[in-house]
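Engineer: Pasting a structure here, questions to come.
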Amino acid sequence: MVMKKRQAAAVFAAAGLAAALAGCGQKAAAEGWKANENSIYVTKDGQVESAMIYTAEKANDLYTREGLEAFARDAVSAYNEEQGAEAASENTEGEERLPAALKSCSLEGQTGTLVFEYGSPEDFVEFSMENGDNTHSITGLKAGAAGELSDSFPDISVLTAAGKDAGFALTGSADQEAVSRLKGCQAVITEGAGTVYVEGEIVYVTSGVTVKAANAAVMPEGAGCIFFQ
């Protein structure tokens, strides 16, 4: 039986969910992203994953591992069914990606980690909002080649990864100078705050974005962009 939306939201918003989950899949984390903090991961071909992590102050006796795993899988299956896809909870190698899938979950001590993968950036946003994921405040996410996303650029200044003025700005439209400077780059455009990792090295960011590593940045509330290669 598919879990009701309000039940899924309550479980995903509850701190105890990630703390007590264990035993799913145990697939390797994506290369270059250890999935060891609440964050989003974007690949060069625009695929999106996310990690949801919580460390409990003490052991959680409220739920069994099996019951919590079932809740997580039911939330994924229910979302997929709503999107007109198979009511499944894991992707199958060689087949089309589900709108949402549970990639792995683990428990080390009192720290639990859930890793999800998505069929599109939009699925990440919709699944997160529907299930009460409060590890970020992102309400909009786009990913792909910079030239193909130029119509979605916000009107904002651009900095190098080192925080220096890049010498050009985005204009909120397909600005040819910006497109030329960003040739060969992949772009991540967010609305809302969160930590984003990318498959590659960050070249430019927009004003307000804080680069924390060669492949990671903290996005501000409001609009933010990462450009990477």
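So you can find residues: chains in the structure tokens are A, B, ... in the order shown, residues in each start at 1, and ligands are numbered from 1 in order.
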What's around A:Pro99 at 8 Å? Count only C-alpha atoms, leave out sequence neighbours fewer than 2 positions away in its own chain, and write the answer as JSON, numbers by chain.

Structural biologist: {"A": [79, 80, 83, 85, 97, 101, 118, 119, 120, 123]}

Engineer: Can you pull out the residues contacting stretch 194-199 of chain A? Cut-off 7 Å, using only C-alpha atoms, and skip same-chain residues under 2 positions away; I want them as number ranges by chain.

Structural biologist: A: 32-33, 39-44, 136-138, 192, 215-219

Engineer: Mind listing the helix (DSSP H, G or I) residues of stretch 91-180 of chain A, per DSSP on the backbone, as a list in words?

Structural biologist: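 Answer for stretch 91-180 of chain A restricted to helix (DSSP H, G or I) is Pro121, Glu122, Asp123, Phe124, Val125, Glu126, Phe127, Ser128, Met129, Glu130, Ala146, Gly147, Glu148, Leu149, Ser150, Asp151, Ser152, Gln176, Glu177, Ala178, Val179 and Ser180 of chain A.
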
Engineer: So that I have them on file, write out the residues from the current selection with C-alpha atoms, as a short mmCIF file (atom, residue, chain, number, x, y, z; two decimals), in the first residue's frame.

Structural biologist:
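Saved to again-v4.cif:
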data_model
loop_
_atom_site.label_atom_id
_atom_site.label_comp_id
_atom_site.auth_asym_id
_atom_site.auth_seq_id
_atom_site.Cartn_x
_atom_site.Cartn_y
_atom_site.Cartn_z
CA PRO A 121 16.69 18.46 -11.58
CA GLU A 122 12.99 19.27 -11.38
CA ASP A 123 12.31 15.87 -9.78
CA PHE A 124 14.83 16.69 -7.06
CA VAL A 125 12.94 19.89 -6.21
CA GLU A 126 9.48 18.32 -6.34
CA PHE A 127 10.45 15.22 -4.35
CA SER A 128 12.21 17.31 -1.69
CA MET A 129 9.29 19.68 -1.27
CA GLU A 130 6.68 16.93 -1.23
CA ALA A 146 25.95 26.77 -19.93
CA GLY A 147 25.06 27.79 -23.48
CA GLU A 148 21.81 25.84 -23.36
CA LEU A 149 20.76 27.45 -20.06
CA SER A 150 21.70 31.03 -20.93
CA ASP A 151 18.04 32.12 -21.13
CA SER A 152 17.73 31.16 -17.44
CA GLN A 176 26.52 36.65 -26.09
CA GLU A 177 29.55 37.85 -24.13
CA ALA A 178 28.63 35.63 -21.19
CA VAL A 179 27.90 32.67 -23.45
CA SER A 180 31.27 33.15 -25.13
#

Engineer: Would you work out the distance separating atom CA of A:Ser207 from atom CA of A:Glu37, expressed in Å to one decimal?

Structural biologist: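 About the pair atom CA of A:Ser207 and atom CA of A:Glu37: they are 23.6 Å apart.
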
Engineer: Which value, in Å to one decimal, gives the distance between atom CA of A:Leu170 and atom CA of A:Ala214?

Structural biologist: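 Calculated distance between atom CA of A:Leu170 and atom CA of A:Ala214 is 21.9 Å.
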
Engineer: Can you list, as a ChimeraX atom specification, every protein, DNA or RNA residue that comes within 6 Å of A:Val76 when you count only C-alpha atoms, leaving out same-chain residues fewer than 3 positions away?

Structural biologist: /A:73,79,89,100

Engineer: Can those selected residues be exported to a file as a PDB file, in the first residue's frame so that it contains N, CA, C and O atoms?

Structural biologist:
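Wrote selection-v9.pdb, looks like this:
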ATOM      1  N   ARG A  73      11.376   3.882   1.186  1.00  0.00           N
ATOM      2  CA  ARG A  73      11.077   3.277  -0.115  1.00  0.00           C
ATOM      3  C   ARG A  73       9.656   3.604  -0.567  1.00  0.00           C
ATOM      4  O   ARG A  73       9.412   3.849  -1.754  1.00  0.00           O
ATOM      5  N   TYR A  79       6.038   8.759  -5.025  1.00  0.00           N
ATOM      6  CA  TYR A  79       6.363   9.881  -5.918  1.00  0.00           C
ATOM      7  C   TYR A  79       6.448   9.408  -7.365  1.00  0.00           C
ATOM      8  O   TYR A  79       5.911  10.052  -8.270  1.00  0.00           O
ATOM      9  N   SER A  89      11.399   1.693  -6.171  1.00  0.00           N
ATOM     10  CA  SER A  89      12.202   2.555  -5.304  1.00  0.00           C
ATOM     11  C   SER A  89      13.678   2.577  -5.661  1.00  0.00           C
ATOM     12  O   SER A  89      14.430   3.359  -5.098  1.00  0.00           O
ATOM     13  N   ALA A 100      12.546   9.427  -9.056  1.00  0.00           N
ATOM     14  CA  ALA A 100      13.305   9.424  -7.801  1.00  0.00           C
ATOM     15  C   ALA A 100      13.654   7.984  -7.461  1.00  0.00           C
ATOM     16  O   ALA A 100      12.913   7.057  -7.785  1.00  0.00           O
TER      17      ALA A 100
END

Engineer: Could you pull out the residues in stretch 27-228 of chain A that DSSP calls strand (DSSP E) from the backbone, as a ChimeraX atom specification?

Structural biologist: /A:39-42,48-55,100-108,111-118,140-145,155-160,165-171,186-191,194-198,202-206,210-213,216-219,223-228

Engineer: Suppose you want the space between atom CA of A:Gly112 and atom CA of A:Asp133; what is it in Å?

Structural biologist: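 Between atom CA of A:Gly112 and atom CA of A:Asp133 the gap is 14.7 Å.
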
Engineer: For a quick check of understanding, using only C-alpha atoms, which of A:Phe116, A:Ile226, A:Lys142, A:Ile189 has the smallest distance to A:Thr160?

Structural biologist: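 Among A:Phe116, A:Ile226, A:Lys142, A:Ile189, it is A:Ile226 that comes nearest to A:Thr160.
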
Engineer: Would you please work out which residue, of A:Asn131, A:Thr111, A:Ser157, A:Thr210, is nearest to A:Ala78 when using only C-alpha atoms?

Structural biologist: A:Asn131
